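Engineer: Sharing a structure here in structure tokens format.
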Amino acid sequence: MGTTMTQHPESKDSQAEKKPGIIRVEGMHKWYGDFHVLKDLNLAVDQGERIVICGPSGSGKSTFIRCINRLEEHQQGRIIVDDVELTDDVRHIDSVRREVGMVFQHFNLFPHLTVLENCCLSPIWVRKVPRREAEAAAMEYLERVKIPDQATKYPGQLSGGQQQRVAIARALCMKPKIMLFDEPTSALDPEMIKEVLDVMVELAGSGMTMICVTHEMGFAKTVADRVIFMDGGEIVEEAPPSEFFSNPREARTQKFLQQIL
Amino acid sequence: MSESTIKPPKKYTGPVKWMRTHLFSTWYNTLLTLVVGYVLITNVGPLLNWLLFDATFQGAGPEDCVGEGACWLFINQRLNFFIYGFYPDELQWRVDVMFALLAVAFVPQFIERFPGRKWLGIFGMTGLPLIGYILIPGGILGLEAVESSKWGGLMLTLILAYIGILASLPIGVLLALGRRSDMPIIQGLCVVFIEVWRAVPLITVLFMASVMLPLFLPEGMSFEKLVRALIGITLWQSAYMAEVIRGGLQAIPRGQYEAAGALGLGYWRKMGLVILPQALKLVIPGIVNTFIALFKDTTLVLIIGLFDILGTVQSTIADPAWQNVAIEGYVFVAFCFWVFCFGISRYSQNLERKLDTSHKT
């Protein structure tokens with residue numbers, strides 16, 4: 001189904017090349033005050049790869065992906081996204097953020113704007129797309145997440161699942177090369193989790209580079225190329241899902257999997 | 001969804017039932033109703049008599065005010081002075097034009113669905129002050145110049161309040177943003193500015209502006225007293241405004257900042273498109289409160305020798321030709337202030353309703 005998806009030309013080209021190492025994290029450390037939250041993380045993600053990060057709460061997985069678009073600062077090591085290194089330079093940060101979409105646990109839609117305006121805001125003001133074009137594109141993405149009929153409503157009028165799908169559409173409207181998901185289904189009522197996961201599975205099928213922090217192991221099994229297990233601020237284990245779930249190497253991974261499966 | 005045939009129970013059950021439940025439900029409620037009723041009956045009549053039925057509205061001069069009621073003739077005869085101050089009679093059309101434009105810009109704001117009212121509002125905030133800046137003082141485009149010392153009355157009150165309100169809001173926004181800035185120098189400057197101005201009484205600011213400021217300015221450079229007062233009022237007001245707006249900024253969840261940042265919006269767009277629209281909406285009641293307070297505080301310019309509406313009325317009351325008209329004068333001033341402040345208040349409630357997108361039930 002992925003090949004029929006609406007894809008902007010650049011990503012088609014680059015997809016053909018399958019650019020290796022679109023995200024490179026090298027020896028990255030982070031502290032909150034004296035507390036060492038992230039310890040010597042190393043990760044290379046190729047274009048089109050789908051990574052799932054899991055681990056117990058407080059293991060630093062959210063902090064990790066928030067470092068990738070600099071919502072959090074790292075203090076040591078390097079993070080290079082699409083050939084741009086994240087430093088204090090605001091221009092670098094902005095250019096990385098333009099290429100990296102993010103979906104939050106609590107949706108974080110803008111409550112004073114309609115669904116359509118939420119989706120068009122950044123394309124119009126950052127990408128300088130003409131309004132009409134931006135709206136047409138936004139409607140396409142809203143159709144893709146199956147809520148074009150809600151376009152004129154405000155976020156406050158939608159259910160949690162609908163809001164999260166709008167949030168995904170809003171991120172996609174920027175035509176990002178990479179999508180980060182920070183526990184996208186954790187704040188949802190159980191009956192709404194599936195509608196959001198369906199959208200994410202479909203997105204994974206379209207060849208999007210994705211890093212997803214989630215507790216949905218079913219999702220990890222179906223779509224992930226690699227599963228990363230974090231604990232205590234470290235990457236404990238990294239393996240393809242088949243291996244990760246059936247034959248985990250580390251004791252901590254085994255314990256974690258026993259608890260959640 | 002199937003249509004239910006059960007309707008909610010009816011609440012309204014007629015005036016007698018209403019009175020029984022609301023006015024005479026218990027013995028002390030009944031007692032209170034009777035006492036309040038008695039006070040109303042014995043006072044409203046005489047008050048109306050004084051205000052309207054026994055009042056003198058027309059006549060030739062003070063000698064016609066002989067009735068028991070209020071002497072509105074006094075207001076009637078000196079109205080020109082109360083509205084225009086010492087502005088020359090033959091040039092008062094310029095002020096009238098401004099009053100008319102003010103009405104054109106803002107009266108439609110109260111009428112839902114008035115075509116183009118948004119543009120009229122924008123005109124009121126941009127074009128209107130510019131036209132006023134040319135028209136009221138004159139001196140260019142062949143308009144005869146009128147010194148600011150001749151301005152007075154309601155017109156001066158409106159000029160002070162309007163410019164104070166208009167200028168203090170954007171300055172306040174910048175100060176509030178600066179106070180929450182990550183940059184220590186900007187933050188420090190804003191904190192010092194806000195804390196200094198907010199801790200000084202407006203009277204002191206006005207005295208300083210009119211008496212001390214000229215001492216610090218280089219030789220040959222001087223502003224008119226009115227401009228100095230305006231600068232003082234605006235800066236003083238913007239410190240208050242900044243703190244009101246900061247309250248709104250702090251109420252916006254961190255997720256909104258993060259979502260805006262993650263979408264690639266830079267600082268000014270993030271603030272202008274996402275944070276401020278929400279923050280300002282939250283603090284509309286606080287902002288309007290500050291506006292109304294400013295509107296009334298403009299009367300303090302009296303102490304530096306500017307004659308606003310209260311000043312003109314007060315000086316006229318002292319006129320020996322008119323006896324015992326102080327009450328009428330002050331009632332008139334109070335009424336004028338009430339009309340404008342109530343208008344501001346109603347408008348803000350309108351605005352709040354219109355901007356409410358929370359859909360809380």
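Letters A, B, ... mark the chains of the structure tokens in the order given; residue numbers begin at 1 per chain; ligand numbers begin at 1, in order shown.
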Could you give me, as a list in words, the residues within 8 Å of Ala105 of chain B, counting only C-alpha atoms and dropping anything in the same chain fewer than 3 positions from it?
Structural biologist: Leu101, Leu102, Pro108, Gln109, Arg117, Leu120, Gly121, Phe123 and Gly124 of chain B
Engineer: Quick one: everything within 9 Å of Asn76 of chain B, counting only C-alpha atoms, minus sequence neighbours fewer than 3 positions away in the same chain. Send it as an MDAnalysis selection string.
Structural biologist: chainID B and resid 57:58 72:73 79:80
Engineer: Pull out every residue of chain B that has at least one atom within 6 Å of chain A, counting only C-alpha atoms, and report them as a list in words.
Structural biologist: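 Every residue meeting the condition is included here: Gly255, Gln256, Ala262, Gly264, Thr357, Ser358 and His359 of chain B.
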Engineer: Find the residues around segment 178-184 of chain A up to 10 Å (only C-alpha atoms counted), leave out those fewer than 3 positions away in its own chain, and share them as a ChimeraX atom specification.
Structural biologist: /A:22-23,47-54,61-66,68-69,81-82,96-107,161,164-165,167-168,171-172,175,187-188,193,196-197,200,203-204,208-216
Engineer: Quick one: distance from atom CA of Phe216 of chain B to atom CA of Pro170 of chain B in Å, one decimal?
Structural biologist: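 Calculated distance between atom CA of Phe216 of chain B and atom CA of Pro170 of chain B is 26.9 Å.
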Engineer: Give me the residues near Pro56 of chain A as a PyMOL selection string, where near means some atom within 10 Å (using only C-alpha atoms) and where sequence neighbours in that chain fewer than 4 positions away do not count.
Structural biologist: chain A and resi 60-61+215+229-232+256+259-260
Engineer: Leaving out Phe193 of chain B and any residue of its chain fewer than 5 positions from it, which residues lie within 12 Å of it when counting only C-alpha atoms, given as a PyMOL selection string?
Structural biologist: chain B and resi 171-172+174-176+178-179+186-188+198-200+235-240+242-243
Engineer: Quick one: pull the distance between atom CA of Gly160 of chain A and atom CA of Met192 of chain A, Å, one decimal.
Structural biologist: 7.3 Å
